[in-house]
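Coordinates as given in protein.txt (compact mmCIF, N, CA and C atoms and all ligand atoms):
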```txt
# COMPACT_ATOMS: atom_id res chain seq x y z
N MET A 46 0.85 -1.20 0.00
CA MET A 46 0.00 0.00 0.00
C MET A 46 0.88 1.25 0.00
N SER A 47 0.58 2.20 -0.88
CA SER A 47 1.41 3.41 -0.94
C SER A 47 1.14 4.29 0.28
N GLN A 48 2.03 5.24 0.49
CA GLN A 48 1.87 6.16 1.62
C GLN A 48 0.59 6.97 1.48
N LEU A 49 0.28 7.34 0.22
CA LEU A 49 -0.92 8.14 -0.02
C LEU A 49 -2.17 7.32 0.32
N GLU A 50 -2.18 6.05 -0.10
CA GLU A 50 -3.32 5.19 0.22
C GLU A 50 -3.47 5.02 1.73
N ASN A 51 -2.34 4.93 2.41
CA ASN A 51 -2.37 4.85 3.87
C ASN A 51 -3.00 6.07 4.50
N LEU A 52 -2.63 7.23 3.96
CA LEU A 52 -3.17 8.48 4.47
C LEU A 52 -4.68 8.52 4.25
N TYR A 53 -5.12 8.13 3.05
CA TYR A 53 -6.55 8.10 2.74
C TYR A 53 -7.29 7.21 3.73
N ARG A 54 -6.70 6.05 3.97
CA ARG A 54 -7.29 5.09 4.88
C ARG A 54 -7.42 5.66 6.29
N GLU A 55 -6.38 6.39 6.70
CA GLU A 55 -6.39 7.00 8.03
C GLU A 55 -7.52 8.02 8.16
N VAL A 56 -7.68 8.84 7.13
CA VAL A 56 -8.73 9.87 7.16
C VAL A 56 -10.10 9.20 7.25
N ILE A 57 -10.29 8.14 6.46
CA ILE A 57 -11.57 7.43 6.44
C ILE A 57 -11.85 6.81 7.81
N MET A 58 -10.85 6.15 8.39
CA MET A 58 -11.06 5.51 9.69
C MET A 58 -11.26 6.54 10.80
N GLU A 59 -10.60 7.67 10.67
CA GLU A 59 -10.74 8.72 11.69
C GLU A 59 -12.18 9.26 11.69
N HIS A 60 -12.74 9.48 10.50
CA HIS A 60 -14.12 9.96 10.42
C HIS A 60 -15.12 8.89 10.85
N TYR A 61 -14.77 7.63 10.60
CA TYR A 61 -15.65 6.53 11.01
C TYR A 61 -15.72 6.45 12.54
N LYS A 62 -14.55 6.62 13.17
CA LYS A 62 -14.50 6.49 14.63
C LYS A 62 -15.02 7.75 15.33
N ASN A 63 -14.81 8.91 14.72
CA ASN A 63 -15.22 10.18 15.32
C ASN A 63 -16.10 10.96 14.34
N PRO A 64 -17.32 10.47 14.10
CA PRO A 64 -18.14 11.12 13.08
C PRO A 64 -18.53 12.55 13.45
N ARG A 65 -18.43 13.44 12.46
CA ARG A 65 -18.77 14.85 12.68
C ARG A 65 -20.25 15.07 12.40
N ASN A 66 -20.81 16.03 13.13
CA ASN A 66 -22.20 16.47 12.90
C ASN A 66 -23.18 15.31 12.89
N LYS A 67 -22.97 14.38 13.80
CA LYS A 67 -23.83 13.20 13.87
C LYS A 67 -24.99 13.45 14.83
N GLY A 68 -26.15 12.96 14.46
CA GLY A 68 -27.35 13.16 15.27
C GLY A 68 -28.27 14.14 14.57
N LEU A 69 -29.55 13.77 14.47
CA LEU A 69 -30.49 14.61 13.74
C LEU A 69 -31.14 15.61 14.68
N VAL A 70 -31.64 16.69 14.10
CA VAL A 70 -32.37 17.67 14.90
C VAL A 70 -33.82 17.67 14.45
N ASN A 71 -34.68 17.95 15.39
CA ASN A 71 -36.10 18.02 15.10
C ASN A 71 -36.47 19.50 14.92
N ASP A 72 -36.23 19.99 13.72
CA ASP A 72 -36.37 21.42 13.45
C ASP A 72 -36.89 21.58 12.02
N PRO A 73 -38.05 22.21 11.86
CA PRO A 73 -38.64 22.31 10.51
C PRO A 73 -37.83 23.13 9.52
N SER A 74 -36.83 23.88 9.99
CA SER A 74 -36.02 24.62 9.03
C SER A 74 -34.96 23.74 8.35
N TYR A 75 -34.89 22.48 8.78
CA TYR A 75 -33.99 21.51 8.13
C TYR A 75 -34.78 20.67 7.13
N THR A 76 -34.12 20.30 6.03
CA THR A 76 -34.70 19.36 5.08
C THR A 76 -34.02 18.01 5.30
N THR A 77 -34.83 16.96 5.40
CA THR A 77 -34.33 15.65 5.80
C THR A 77 -34.58 14.62 4.69
N ILE A 78 -33.55 13.84 4.37
CA ILE A 78 -33.70 12.73 3.41
C ILE A 78 -33.07 11.48 4.01
N HIS A 79 -33.83 10.39 3.94
CA HIS A 79 -33.37 9.09 4.44
C HIS A 79 -33.09 8.19 3.24
N ILE A 80 -31.96 7.48 3.28
CA ILE A 80 -31.58 6.67 2.12
C ILE A 80 -30.91 5.38 2.62
N LYS A 81 -31.16 4.29 1.86
CA LYS A 81 -30.62 2.98 2.26
C LYS A 81 -29.87 2.33 1.12
N ASN A 82 -28.91 1.51 1.48
CA ASN A 82 -28.17 0.72 0.50
C ASN A 82 -28.31 -0.74 0.91
N PRO A 83 -29.32 -1.43 0.37
CA PRO A 83 -29.60 -2.78 0.86
C PRO A 83 -28.44 -3.75 0.66
N SER A 84 -27.56 -3.48 -0.31
CA SER A 84 -26.51 -4.45 -0.60
C SER A 84 -25.53 -4.59 0.56
N CYS A 85 -25.42 -3.57 1.44
CA CYS A 85 -24.53 -3.78 2.58
C CYS A 85 -25.07 -3.23 3.88
N GLY A 86 -26.37 -2.91 3.90
CA GLY A 86 -27.00 -2.54 5.16
C GLY A 86 -26.78 -1.10 5.58
N ASP A 87 -26.24 -0.28 4.67
CA ASP A 87 -26.06 1.12 5.00
C ASP A 87 -27.42 1.80 5.09
N ASP A 88 -27.57 2.63 6.09
CA ASP A 88 -28.85 3.29 6.36
C ASP A 88 -28.52 4.67 6.92
N ILE A 89 -28.72 5.70 6.10
CA ILE A 89 -28.21 7.03 6.46
C ILE A 89 -29.31 8.08 6.27
N THR A 90 -29.36 9.02 7.19
CA THR A 90 -30.25 10.17 7.04
C THR A 90 -29.38 11.43 7.03
N VAL A 91 -29.68 12.31 6.08
CA VAL A 91 -28.92 13.56 5.96
C VAL A 91 -29.89 14.73 6.10
N GLN A 92 -29.47 15.75 6.82
CA GLN A 92 -30.26 16.96 6.97
C GLN A 92 -29.43 18.15 6.52
N SER A 93 -30.08 19.08 5.84
CA SER A 93 -29.39 20.33 5.53
C SER A 93 -30.29 21.50 5.88
N LYS A 94 -29.65 22.60 6.25
CA LYS A 94 -30.39 23.81 6.57
C LYS A 94 -29.79 24.96 5.78
N LEU A 95 -30.62 25.55 4.95
CA LEU A 95 -30.18 26.70 4.15
C LEU A 95 -30.59 27.98 4.85
N VAL A 96 -29.64 28.92 4.94
CA VAL A 96 -29.99 30.26 5.39
C VAL A 96 -29.56 31.20 4.27
N GLY A 97 -30.54 31.85 3.64
CA GLY A 97 -30.24 32.59 2.43
C GLY A 97 -29.76 31.60 1.40
N ASN A 98 -28.60 31.84 0.85
CA ASN A 98 -28.07 30.93 -0.16
C ASN A 98 -26.97 30.03 0.41
N TYR A 99 -26.78 30.04 1.72
CA TYR A 99 -25.69 29.29 2.34
C TYR A 99 -26.16 28.05 3.09
N ILE A 100 -25.32 27.02 3.05
CA ILE A 100 -25.57 25.83 3.86
C ILE A 100 -25.16 26.20 5.29
N ASP A 101 -26.13 26.48 6.11
CA ASP A 101 -25.85 26.91 7.48
C ASP A 101 -25.50 25.71 8.36
N ASP A 102 -26.12 24.57 8.07
CA ASP A 102 -25.83 23.37 8.85
C ASP A 102 -26.12 22.15 8.01
N CYS A 103 -25.40 21.09 8.32
CA CYS A 103 -25.60 19.81 7.63
C CYS A 103 -25.35 18.73 8.68
N ARG A 104 -26.30 17.79 8.79
CA ARG A 104 -26.18 16.76 9.83
C ARG A 104 -26.42 15.39 9.23
N GLN A 105 -25.96 14.38 9.93
CA GLN A 105 -26.13 13.02 9.43
C GLN A 105 -26.29 12.07 10.60
N ASP A 106 -26.98 10.97 10.33
CA ASP A 106 -27.10 9.92 11.34
C ASP A 106 -27.40 8.62 10.62
N GLY A 107 -27.13 7.52 11.30
CA GLY A 107 -27.43 6.23 10.71
C GLY A 107 -26.34 5.24 11.04
N HIS A 108 -26.36 4.13 10.30
CA HIS A 108 -25.35 3.12 10.54
C HIS A 108 -25.02 2.44 9.21
N GLY A 109 -23.88 1.76 9.21
CA GLY A 109 -23.46 1.10 7.98
C GLY A 109 -21.98 0.84 8.03
N CYS A 110 -21.41 0.60 6.87
CA CYS A 110 -19.99 0.26 6.80
C CYS A 110 -19.12 1.51 6.98
N SER A 111 -17.83 1.30 7.12
CA SER A 111 -16.92 2.42 7.38
C SER A 111 -16.91 3.42 6.23
N ILE A 112 -17.02 2.94 4.99
CA ILE A 112 -16.99 3.84 3.84
C ILE A 112 -18.23 4.75 3.86
N CYS A 113 -19.37 4.15 4.11
CA CYS A 113 -20.62 4.91 4.12
C CYS A 113 -20.65 5.93 5.26
N CYS A 114 -20.36 5.48 6.47
CA CYS A 114 -20.47 6.37 7.63
C CYS A 114 -19.41 7.47 7.58
N SER A 115 -18.19 7.12 7.17
CA SER A 115 -17.15 8.14 7.12
C SER A 115 -17.46 9.16 6.03
N SER A 116 -17.99 8.70 4.89
CA SER A 116 -18.26 9.66 3.81
C SER A 116 -19.41 10.59 4.18
N ALA A 117 -20.34 10.12 5.02
CA ALA A 117 -21.41 11.00 5.50
C ALA A 117 -20.82 12.09 6.41
N SER A 118 -19.85 11.70 7.24
CA SER A 118 -19.20 12.65 8.14
C SER A 118 -18.40 13.69 7.34
N VAL A 119 -17.64 13.21 6.36
CA VAL A 119 -16.85 14.11 5.50
C VAL A 119 -17.79 15.06 4.74
N LEU A 120 -18.91 14.52 4.28
CA LEU A 120 -19.91 15.34 3.58
C LEU A 120 -20.33 16.55 4.42
N THR A 121 -20.69 16.31 5.67
CA THR A 121 -21.21 17.41 6.49
C THR A 121 -20.14 18.48 6.68
N GLU A 122 -18.90 18.05 6.94
CA GLU A 122 -17.83 19.03 7.13
C GLU A 122 -17.54 19.82 5.87
N THR A 123 -17.66 19.13 4.73
CA THR A 123 -17.36 19.79 3.46
C THR A 123 -18.43 20.85 3.14
N MET A 124 -19.67 20.56 3.46
CA MET A 124 -20.79 21.39 2.98
C MET A 124 -21.10 22.61 3.85
N ILE A 125 -20.86 22.52 5.15
CA ILE A 125 -21.24 23.64 6.00
C ILE A 125 -20.45 24.89 5.59
N GLY A 126 -21.19 25.98 5.36
CA GLY A 126 -20.56 27.25 4.98
C GLY A 126 -20.48 27.49 3.49
N LYS A 127 -20.80 26.45 2.68
CA LYS A 127 -20.75 26.63 1.23
C LYS A 127 -22.04 27.29 0.73
N THR A 128 -21.97 27.93 -0.43
CA THR A 128 -23.21 28.37 -1.07
C THR A 128 -23.88 27.13 -1.65
N LYS A 129 -25.17 27.27 -1.93
CA LYS A 129 -25.91 26.15 -2.50
C LYS A 129 -25.28 25.70 -3.82
N GLU A 130 -24.86 26.66 -4.65
CA GLU A 130 -24.28 26.32 -5.96
C GLU A 130 -22.94 25.60 -5.79
N GLN A 131 -22.09 26.09 -4.86
CA GLN A 131 -20.81 25.43 -4.61
C GLN A 131 -21.05 24.00 -4.13
N ALA A 132 -22.01 23.86 -3.21
CA ALA A 132 -22.30 22.56 -2.62
C ALA A 132 -22.76 21.57 -3.70
N GLN A 133 -23.63 22.04 -4.59
CA GLN A 133 -24.12 21.15 -5.66
C GLN A 133 -22.98 20.75 -6.60
N LEU A 134 -22.12 21.71 -6.89
CA LEU A 134 -20.99 21.46 -7.79
C LEU A 134 -20.03 20.43 -7.17
N ILE A 135 -19.71 20.61 -5.89
CA ILE A 135 -18.81 19.68 -5.22
C ILE A 135 -19.43 18.29 -5.16
N ALA A 136 -20.71 18.22 -4.77
CA ALA A 136 -21.35 16.90 -4.62
C ALA A 136 -21.47 16.18 -5.96
N THR A 137 -21.83 16.89 -7.04
CA THR A 137 -21.97 16.20 -8.32
C THR A 137 -20.60 15.74 -8.83
N ASN A 138 -19.56 16.54 -8.59
CA ASN A 138 -18.22 16.12 -9.02
C ASN A 138 -17.70 14.96 -8.19
N TYR A 139 -17.98 14.98 -6.90
CA TYR A 139 -17.59 13.87 -6.03
C TYR A 139 -18.26 12.58 -6.53
N LEU A 140 -19.56 12.65 -6.82
CA LEU A 140 -20.28 11.44 -7.26
C LEU A 140 -19.72 10.91 -8.58
N LYS A 141 -19.36 11.83 -9.48
CA LYS A 141 -18.74 11.39 -10.75
C LYS A 141 -17.39 10.73 -10.47
N MET A 142 -16.61 11.30 -9.54
CA MET A 142 -15.29 10.75 -9.23
C MET A 142 -15.41 9.31 -8.73
N VAL A 143 -16.31 9.08 -7.74
CA VAL A 143 -16.38 7.72 -7.17
C VAL A 143 -16.98 6.73 -8.17
N LYS A 144 -17.80 7.23 -9.10
CA LYS A 144 -18.38 6.34 -10.12
C LYS A 144 -17.44 6.15 -11.30
N ASN A 145 -16.25 6.72 -11.22
CA ASN A 145 -15.26 6.62 -12.28
C ASN A 145 -15.75 7.23 -13.59
N GLN A 146 -16.48 8.33 -13.49
CA GLN A 146 -16.91 9.08 -14.67
C GLN A 146 -16.03 10.32 -14.77
N PRO A 147 -15.95 10.90 -15.98
CA PRO A 147 -15.15 12.12 -16.11
C PRO A 147 -15.70 13.21 -15.18
N PHE A 148 -14.82 13.89 -14.46
CA PHE A 148 -15.27 14.97 -13.58
C PHE A 148 -14.30 16.14 -13.68
N ASP A 149 -14.73 17.28 -13.16
CA ASP A 149 -13.93 18.49 -13.24
C ASP A 149 -12.89 18.49 -12.12
N GLU A 150 -11.64 18.20 -12.48
CA GLU A 150 -10.60 18.07 -11.45
C GLU A 150 -10.16 19.42 -10.89
N THR A 151 -10.67 20.50 -11.46
CA THR A 151 -10.32 21.82 -10.91
C THR A 151 -11.19 22.17 -9.70
N ILE A 152 -12.27 21.41 -9.50
CA ILE A 152 -13.13 21.66 -8.34
C ILE A 152 -12.48 21.03 -7.10
N ASP A 153 -12.30 21.82 -6.05
CA ASP A 153 -11.65 21.33 -4.84
C ASP A 153 -12.64 20.50 -4.02
N LEU A 154 -12.39 19.21 -3.94
CA LEU A 154 -13.27 18.33 -3.17
C LEU A 154 -12.85 18.26 -1.70
N GLU A 155 -11.80 18.99 -1.35
CA GLU A 155 -11.30 19.03 0.02
C GLU A 155 -11.04 17.61 0.53
N GLU A 156 -11.47 17.32 1.76
CA GLU A 156 -11.17 16.01 2.34
C GLU A 156 -11.84 14.87 1.57
N ALA A 157 -12.92 15.18 0.87
CA ALA A 157 -13.65 14.14 0.14
C ALA A 157 -12.80 13.52 -0.97
N SER A 158 -11.71 14.18 -1.34
CA SER A 158 -10.85 13.62 -2.38
C SER A 158 -10.21 12.30 -1.94
N VAL A 159 -10.24 11.98 -0.65
CA VAL A 159 -9.66 10.71 -0.20
C VAL A 159 -10.44 9.51 -0.75
N TYR A 160 -11.67 9.75 -1.24
CA TYR A 160 -12.47 8.62 -1.76
C TYR A 160 -12.17 8.33 -3.23
N THR A 161 -11.13 8.93 -3.75
CA THR A 161 -10.78 8.71 -5.15
C THR A 161 -10.51 7.23 -5.46
N GLY A 162 -10.00 6.49 -4.47
CA GLY A 162 -9.67 5.08 -4.69
C GLY A 162 -10.88 4.17 -4.82
N ILE A 163 -12.06 4.69 -4.43
CA ILE A 163 -13.28 3.87 -4.45
C ILE A 163 -13.60 3.36 -5.86
N ARG A 164 -13.21 4.16 -6.87
CA ARG A 164 -13.55 3.74 -8.24
C ARG A 164 -12.94 2.39 -8.62
N GLN A 165 -11.92 1.96 -7.86
CA GLN A 165 -11.34 0.64 -8.12
C GLN A 165 -12.16 -0.49 -7.49
N PHE A 166 -13.16 -0.13 -6.72
CA PHE A 166 -13.97 -1.13 -6.01
C PHE A 166 -15.45 -0.89 -6.31
N PRO A 167 -15.90 -1.34 -7.49
CA PRO A 167 -17.28 -1.02 -7.91
C PRO A 167 -18.34 -1.39 -6.87
N ALA A 168 -18.09 -2.45 -6.09
CA ALA A 168 -19.08 -2.88 -5.11
C ALA A 168 -19.25 -1.86 -3.99
N ARG A 169 -18.25 -0.98 -3.80
CA ARG A 169 -18.32 -0.01 -2.70
C ARG A 169 -18.76 1.38 -3.14
N VAL A 170 -18.97 1.56 -4.44
CA VAL A 170 -19.31 2.89 -4.95
C VAL A 170 -20.60 3.41 -4.31
N LYS A 171 -21.58 2.53 -4.19
CA LYS A 171 -22.86 2.91 -3.57
C LYS A 171 -22.63 3.37 -2.12
N CYS A 172 -21.76 2.66 -1.40
CA CYS A 172 -21.46 3.02 0.00
C CYS A 172 -20.96 4.45 0.09
N ALA A 173 -20.07 4.81 -0.83
CA ALA A 173 -19.46 6.14 -0.80
C ALA A 173 -20.40 7.21 -1.34
N SER A 174 -21.48 6.78 -2.01
CA SER A 174 -22.35 7.74 -2.71
C SER A 174 -23.60 8.13 -1.96
N ILE A 175 -24.17 7.21 -1.16
CA ILE A 175 -25.57 7.45 -0.74
C ILE A 175 -25.75 8.71 0.11
N ALA A 176 -24.83 9.01 1.00
CA ALA A 176 -25.00 10.21 1.82
C ALA A 176 -24.97 11.46 0.94
N TRP A 177 -24.13 11.42 -0.09
CA TRP A 177 -23.98 12.58 -0.98
C TRP A 177 -25.20 12.72 -1.88
N MET A 178 -25.79 11.58 -2.30
CA MET A 178 -27.02 11.64 -3.07
C MET A 178 -28.15 12.20 -2.20
N ALA A 179 -28.20 11.74 -0.95
CA ALA A 179 -29.24 12.23 -0.03
C ALA A 179 -29.09 13.74 0.17
N PHE A 180 -27.85 14.18 0.31
CA PHE A 180 -27.60 15.62 0.49
C PHE A 180 -28.13 16.42 -0.71
N LEU A 181 -27.80 15.95 -1.92
CA LEU A 181 -28.29 16.65 -3.12
C LEU A 181 -29.82 16.69 -3.15
N ASP A 182 -30.43 15.59 -2.70
CA ASP A 182 -31.90 15.54 -2.66
C ASP A 182 -32.47 16.55 -1.65
N THR A 183 -31.75 16.78 -0.55
CA THR A 183 -32.27 17.79 0.41
C THR A 183 -32.29 19.16 -0.26
N LEU A 184 -31.27 19.45 -1.09
CA LEU A 184 -31.23 20.75 -1.75
C LEU A 184 -32.34 20.87 -2.78
N LYS A 185 -32.60 19.76 -3.48
CA LYS A 185 -33.68 19.75 -4.49
C LYS A 185 -35.03 19.99 -3.83
N LYS A 186 -35.19 19.35 -2.69
CA LYS A 186 -36.48 19.45 -1.99
C LYS A 186 -36.76 20.87 -1.51
N GLU A 187 -35.68 21.65 -1.32
CA GLU A 187 -35.84 23.02 -0.87
C GLU A 187 -36.41 23.92 -1.97
N GLU A 188 -36.24 23.47 -3.22
CA GLU A 188 -36.59 24.36 -4.34
C GLU A 188 -38.10 24.52 -4.50
ZN ZN B 201 -21.54 0.12 2.72
```

Turn this file's structure into structure tokens for me.
Amino acid sequence: MSQLENLYREVIMEHYKNPRNKGLVNDPSYTTIHIKNPSCGDDITVQSKLVGNYIDDCRQDGHGCSICCSSASVLTETMIGKTKEQAQLIATNYLKMVKNQPFDETIDLEEASVYTGIRQFPARVKCASIAWMAFLDTLKKEE
């Protein structure tokens, strides 16, 4: 395993063990989407709160494999403070990256770039994607 792969693995395990923004809030100003991945038991709920055009808060809860839970944690940290347009751009590019589709490499995916290796494991792509798909759906639902 290369040093870079080791670093990626460390970031993923760190988020899995210490998930950020975990726990849902019961607040009508949040939009909530629940999503499941039956192939490996991942079950994640994502909440986002828009204030003006900014992602004021993003939360997640659920259970599943390390890839799924860590990517939900990374998602929340990446999105808080972004504009809605930035957030959509980052999430769609992230999803293209993990699905091994052409994506805009000039867009800074921040910590989420550690999931670049997922494209070599087609069975895990869904794990890395569902929280991010749920997040995009929360933004759509706001419209
Ligand atoms: Zn999974």

| remark: Atom pair CA of Asp101 in chain A + CA of Ile125 in chain A, distance 5.8 Å

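Looking only at chain A, the set that DSSP places in strand (DSSP E or B) from backbone geometry is Lys67, Thr76, Thr77, Ile78, His79, Ile80, Lys81, Asn82, Asp87, Asp88, Ile89, Thr90, Val91, Gln92, Ser93, Lys94, Leu95, Val96, Tyr99, Ile100, Asp101, Asp102, Cys103, Arg104, Gln105, Asp106, Gly107, His108 and Thr128 of chain A.
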
| said: Taking 2 positions as the minimum chain separation for residues in the same chain, which residues sit within 8 Å of Ala136 in chain A when counting only N, CA and C atoms? Answer as JSON, numbers by chain. | reply: {"A": [130, 131, 132, 133, 134, 138, 139, 140, 141, 142, 154, 177, 178, 180, 181]}

| said: If I take atom N of Cys114 in chain A and atom C of Gly97 in chain A, how far is one from the other in Å, to one decimal? | reply: 28.2 Å

| field | Atom-to-atom span, atom C of Ala168 in chain A and CA of Thr76 in chain A, Å | value | 27.8 Å

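For the choices A:Ile78, A:Val159, A:Ile89, A:Cys103, the atom-to-atom distance to ligand ZN 201 (chain B) is smallest for A:Ile89 when using only C-alpha atoms and all ligand atoms.
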
| field | Which of A:Ala157, A:Ile100, A:Val143, A:Ile163 sits closest to Val119 in chain A [using all atoms listed in the file] | value | A:Ala157

| task | All residues within 5 Å of ligand ZN 201 (chain B) are required, counting only N, CA and C atoms and all ligand atoms; please report them as number ranges by chain. | result | A: 85, 110, 113, 172

Export of the given selection (N, CA and C atoms) as a compact mmCIF listing (two decimals), in the coordinates of the input:
```
# COMPACT_ATOMS: atom_id res chain seq x y z
N CYS A 85 -25.42 -3.57 1.44
CA CYS A 85 -24.53 -3.78 2.58
C CYS A 85 -25.07 -3.23 3.88
N CYS A 110 -21.41 0.60 6.87
CA CYS A 110 -19.99 0.26 6.80
C CYS A 110 -19.12 1.51 6.98
N CYS A 113 -19.37 4.15 4.11
CA CYS A 113 -20.62 4.91 4.12
C CYS A 113 -20.65 5.93 5.26
N CYS A 172 -21.76 2.66 -1.40
CA CYS A 172 -21.46 3.02 0.00
C CYS A 172 -20.96 4.45 0.09
```

| Residues at most 6.5 Å from Lys67 in chain A, counting all atoms listed in the file, excluding those fewer than 2 positions away in the same chain, as a PyMOL selection string? | chain A and resi 64-65+69+104-106

Create the file for the chosen residues now, containing N, CA and C atoms and written as a short mmCIF file (atom, residue, chain, number, x, y, z; two decimals), in the coordinates of the input.
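What follows is the written file again.cif:
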```
data_model
loop_
_atom_site.label_atom_id
_atom_site.label_comp_id
_atom_site.auth_asym_id
_atom_site.auth_seq_id
_atom_site.Cartn_x
_atom_site.Cartn_y
_atom_site.Cartn_z
N PRO A 64 -17.32 10.47 14.10
CA PRO A 64 -18.14 11.12 13.08
C PRO A 64 -18.53 12.55 13.45
N ARG A 65 -18.43 13.44 12.46
CA ARG A 65 -18.77 14.85 12.68
C ARG A 65 -20.25 15.07 12.40
N LEU A 69 -29.55 13.77 14.47
CA LEU A 69 -30.49 14.61 13.74
C LEU A 69 -31.14 15.61 14.68
N ARG A 104 -26.30 17.79 8.79
CA ARG A 104 -26.18 16.76 9.83
C ARG A 104 -26.42 15.39 9.23
N GLN A 105 -25.96 14.38 9.93
CA GLN A 105 -26.13 13.02 9.43
C GLN A 105 -26.29 12.07 10.60
N ASP A 106 -26.98 10.97 10.33
CA ASP A 106 -27.10 9.92 11.34
C ASP A 106 -27.40 8.62 10.62
#
```

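You can rank A:Gln165, A:Asn51, A:Ser158, A:Thr121 by their closest distance to Asn145 in chain A using only C-alpha atoms, and at the top of that list sits A:Gln165.
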